[in-house]
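Undergrad: Take this structure first; my questions come after.
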Amino acid sequence: MENVRRHLQQQIVRKTVCQVEVRLPRLVRTPADAAEFGRRLEGGTIQAIGRRGKYLLIWIPPHLLVSHLRMEGQYRLCSREAPELPHTHVVFRFTDGTELRYRDVRQFGTMDLIPVPTAGPGLDWVLTACQSEAPFAAPPDELALPPGLRNLGPEPFDPQVTARVLRQRFAGRTAPVKALLLDQTVVAGLGNIYADEALFQAGLHPAWPAGHVSVRQAASLLAAVRDVLERAIAAGGSSVKTFVDGYGRHGGFQWELAVYGRSGLPCPRCASPIEKLRVAGRGTHVCPRCQPWPRRLAQAGRTVRRRRNNPGGAGMQSEGLR
DNA sequence: CATGGGTCCTGAGTGC
DNA sequence: TGCACTCAGGACCCAT
């Protein structure tokens, strides 16, 4: 998402919308009437592109367009004549003859168009959120943000987030630590791939009860989360299946994945075969040696079910790795 | 409140 | 070849 934001920042800021075509109204959550969504955008000029967690923020006064791509949403800036790819659900036409096309095979993405006051805390929050590296600030009530964005936790790079703070957020929780990493109200921005990679890098088992994570473990986990995200951004994102950035380019981080989608393949650190489990309802990849299950808990009974190896669809095969 | 499971959706893969 | 079935996952909804 950070790569998408950066590319859109270069591509569509200062463009003026002249027409909007919504072909799959279900993607537009607010306003309820998708035609109204288009009408409100027409005539507006895009001022800035921000990001909070996995939410893309497009500031087009007097509105904020909150866009979530889920797994497979894609934005592409095209000339009006360029042939259209299938699964194009929303088209934003600009006065300069270009258009921004939103594609989404799975149709899971969402768009919310939120009114932004011309002054006051609502505007201030939007301005701050559209600056990269802005520290965490709770949005004011006057902004009618979608609940997922309203309740979003801090960015992992926020200096306010320390190992101690992270452990505090884990305290008293019995859910697996991976479930809390994926919980966007705890920390913003981690999905299944980066959660698995960070846990591996921290040497922490995903099913470890979050409340049992020590300050020391929280510190290595936070460092791992930051390192994984930094490397993924530098590589242009992870194109495990279909991800492309605003120029249609694939990312490169899938070649650096240590465990995700690599069940049965050797751990890059110790060469043990990577195992695939189900934790927090998601496919979960671990190195059984680098991420040992705590002995004390093993006796209390396993809650982790083993799954058969590499059912095929999930991700990278050995081709090209290493 | 915390937790876990079902749901949305389509395409790719698998097995018979 | 064709068809039924499973799987992938982010956020949301719901039952316990």
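How things are named: the first chain in the structure tokens is A, the next is B, and so on; residues count from 1 in each chain; ligands count from 1 in the order shown.
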Using only C-alpha atoms (C1' of nucleotides), what table do you get, as CSV, when you list each residue of chain C with an atom no more than 7 Å from chain A, its nearest pair of atoms, and their distance in Å rounded to one decimal, rows by chain then rising number?
TA:
```
residue,atom,partner,partner_atom,distance
C:DA8,C1',A:Ala314,CA,6.4
C:DG9,C1',A:Met71,CA,6.6
C:DG10,C1',A:Arg70,CA,5.6
```
Undergrad: Give me a file of those residues, with N, CA and C atoms (P, O5', C5', C4', C3', O3' and C1' of nucleotides), as a PDB file, in the first residue's frame.
TA:
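Contents of the output file result-v9.pdb:
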```pdb
ATOM      1  P    DA C   8      -5.245 -22.053   2.180  1.00  0.00           P
ATOM      2  O5'  DA C   8      -5.202 -20.584   1.571  1.00  0.00           O
ATOM      3  C5'  DA C   8      -4.319 -20.283   0.498  1.00  0.00           C
ATOM      4  C4'  DA C   8      -4.693 -18.949  -0.075  1.00  0.00           C
ATOM      5  C3'  DA C   8      -5.053 -17.908   0.994  1.00  0.00           C
ATOM      6  O3'  DA C   8      -3.891 -17.151   1.304  1.00  0.00           O
ATOM      7  C1'  DA C   8      -6.589 -17.865  -0.867  1.00  0.00           C
ATOM      8  P    DG C   9      -3.649 -16.780   2.787  1.00  0.00           P
ATOM      9  O5'  DG C   9      -4.420 -15.397   2.927  1.00  0.00           O
ATOM     10  C5'  DG C   9      -4.073 -14.312   2.091  1.00  0.00           C
ATOM     11  C4'  DG C   9      -5.168 -13.284   2.169  1.00  0.00           C
ATOM     12  C3'  DG C   9      -5.508 -12.857   3.611  1.00  0.00           C
ATOM     13  O3'  DG C   9      -5.640 -11.453   3.656  1.00  0.00           O
ATOM     14  C1'  DG C   9      -7.441 -13.543   2.501  1.00  0.00           C
ATOM     15  P    DG C  10      -4.869 -10.563   4.634  1.00  0.00           P
ATOM     16  O5'  DG C  10      -5.883  -9.360   4.787  1.00  0.00           O
ATOM     17  C5'  DG C  10      -6.068  -8.462   3.709  1.00  0.00           C
ATOM     18  C4'  DG C  10      -7.113  -7.443   4.075  1.00  0.00           C
ATOM     19  C3'  DG C  10      -7.118  -6.993   5.525  1.00  0.00           C
ATOM     20  O3'  DG C  10      -7.497  -5.616   5.539  1.00  0.00           O
ATOM     21  C1'  DG C  10      -9.094  -8.249   5.069  1.00  0.00           C
TER      22       DG C  10
END
```
Undergrad: With a distance threshold of 7 Å and counting only C-alpha atoms (C1' of nucleotides), extract the residues of chain B near chain A and express them as a ChimeraX atom specification.
TA: /B:9-10,12-13
Undergrad: Range 219-231 of chain A: which residues within 9 Å, counting only C-alpha atoms (C1' of nucleotides), same-chain residues fewer than 2 positions away excluded, as a ChimeraX atom specification?
TA: /A:156-157,161-164,166-167,190,194-195,197-204,214-217,233-237,253,256
Undergrad: List the neighbours of Ala207 in chain A out to 9 Å using only C-alpha atoms (C1' of nucleotides); skip same-chain residues closer than 2 positions along the sequence, and give me the result as a list in words.
TA: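 With the cut-off at 9 Å, the set is Ala175, Pro176, Val177, Lys178, Ala179, Leu204, His205, Pro209, Ala210, Val279, Ala280, Trp293, Thr303 and Val304 of chain A.
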Undergrad: So that I can check the secondary structure, give me every residue of range 46-258 of chain A assigned strand (DSSP E or B) by backbone DSSP, as a ChimeraX atom specification.
TA: /A:48-52,55-60,63-68,73-79,88-94,98-104,110-115,176,209,244,250
Undergrad: Point out the residue among A:Gly264, A:Pro146, A:Pro159, A:Pro273 with the least atom-to-atom distance to DC12 in chain C, counting only C-alpha atoms (C1' of nucleotides).
TA: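 Checking each of A:Gly264, A:Pro146, A:Pro159, A:Pro273 against DC12 in chain C, counting only C-alpha atoms (C1' of nucleotides), the winner is A:Pro146.
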Undergrad: Give me, please, the distance in Å between CA of Val13 in chain A and CA of Arg80 in chain A, quoted to one decimal.
TA: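 Computed distance, CA of Val13 in chain A to CA of Arg80 in chain A, equals 17.8 Å.
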Undergrad: To one decimal place, how far is CA of Val187 in chain A from CA of Leu64 in chain A in Å?
TA: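 Spanning CA of Val187 in chain A to CA of Leu64 in chain A is a straight-line distance of 22.7 Å.
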Undergrad: Would you give me, as a PyMOL selection string, the residues in range 5-242 of chain A that DSSP reads as alpha helix (DSSP H)?
TA: chain A and resi 5-12+34-41+121-129+147-150+163-170+177-182+192-202+215-234
Undergrad: Just want the 12 Å neighbourhood of DT16 in chain C, counted on only C-alpha atoms (C1' of nucleotides), with same-chain residues fewer than 4 positions away dropped. Output as a PyMOL selection string.
TA: chain B and resi 2-5
Undergrad: Set the distance at 12 Å and use only C-alpha atoms (C1' of nucleotides): which residues neighbour DC3 in chain C once local chain neighbours fewer than 6 positions away are removed? I'd like the list as a list in words.
TA: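 These residues fall inside the cut-off: DT14, DG15 and DC16 of chain B.
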Undergrad: One number please: CA of His285 in chain A to CA of Gly53 in chain A, in Å, one decimal.
TA: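 So the two atoms, CA of His285 in chain A and CA of Gly53 in chain A, lie 22.8 Å apart.
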Undergrad: Which residues come within 10 Å of range 33-35 of chain A, counting only C-alpha atoms (C1' of nucleotides), excluding same-chain residues fewer than 4 positions away, as an mmCIF file with C-alpha atoms, in the first residue's frame?
TA:
```cif
data_model
loop_
_atom_site.group_PDB
_atom_site.id
_atom_site.type_symbol
_atom_site.label_atom_id
_atom_site.label_comp_id
_atom_site.auth_asym_id
_atom_site.auth_seq_id
_atom_site.Cartn_x
_atom_site.Cartn_y
_atom_site.Cartn_z
ATOM 1 C CA VAL A 20 -16.668 9.148 -12.548
ATOM 2 C CA GLU A 21 -18.061 5.832 -13.674
ATOM 3 C CA VAL A 22 -19.005 3.280 -11.026
ATOM 4 C CA ARG A 23 -19.864 -0.061 -12.608
ATOM 5 C CA LEU A 24 -19.916 -2.125 -9.429
ATOM 6 C CA PRO A 25 -21.886 0.000 -6.939
ATOM 7 C CA ARG A 26 -21.281 -2.544 -4.172
ATOM 8 C CA LEU A 27 -17.680 -1.326 -3.854
ATOM 9 C CA VAL A 28 -18.889 2.117 -2.825
ATOM 10 C CA ARG A 29 -20.019 1.933 0.800
ATOM 11 C CA ARG A 39 -21.385 13.584 -8.498
ATOM 12 C CA ARG A 40 -19.523 14.684 -5.387
#
```
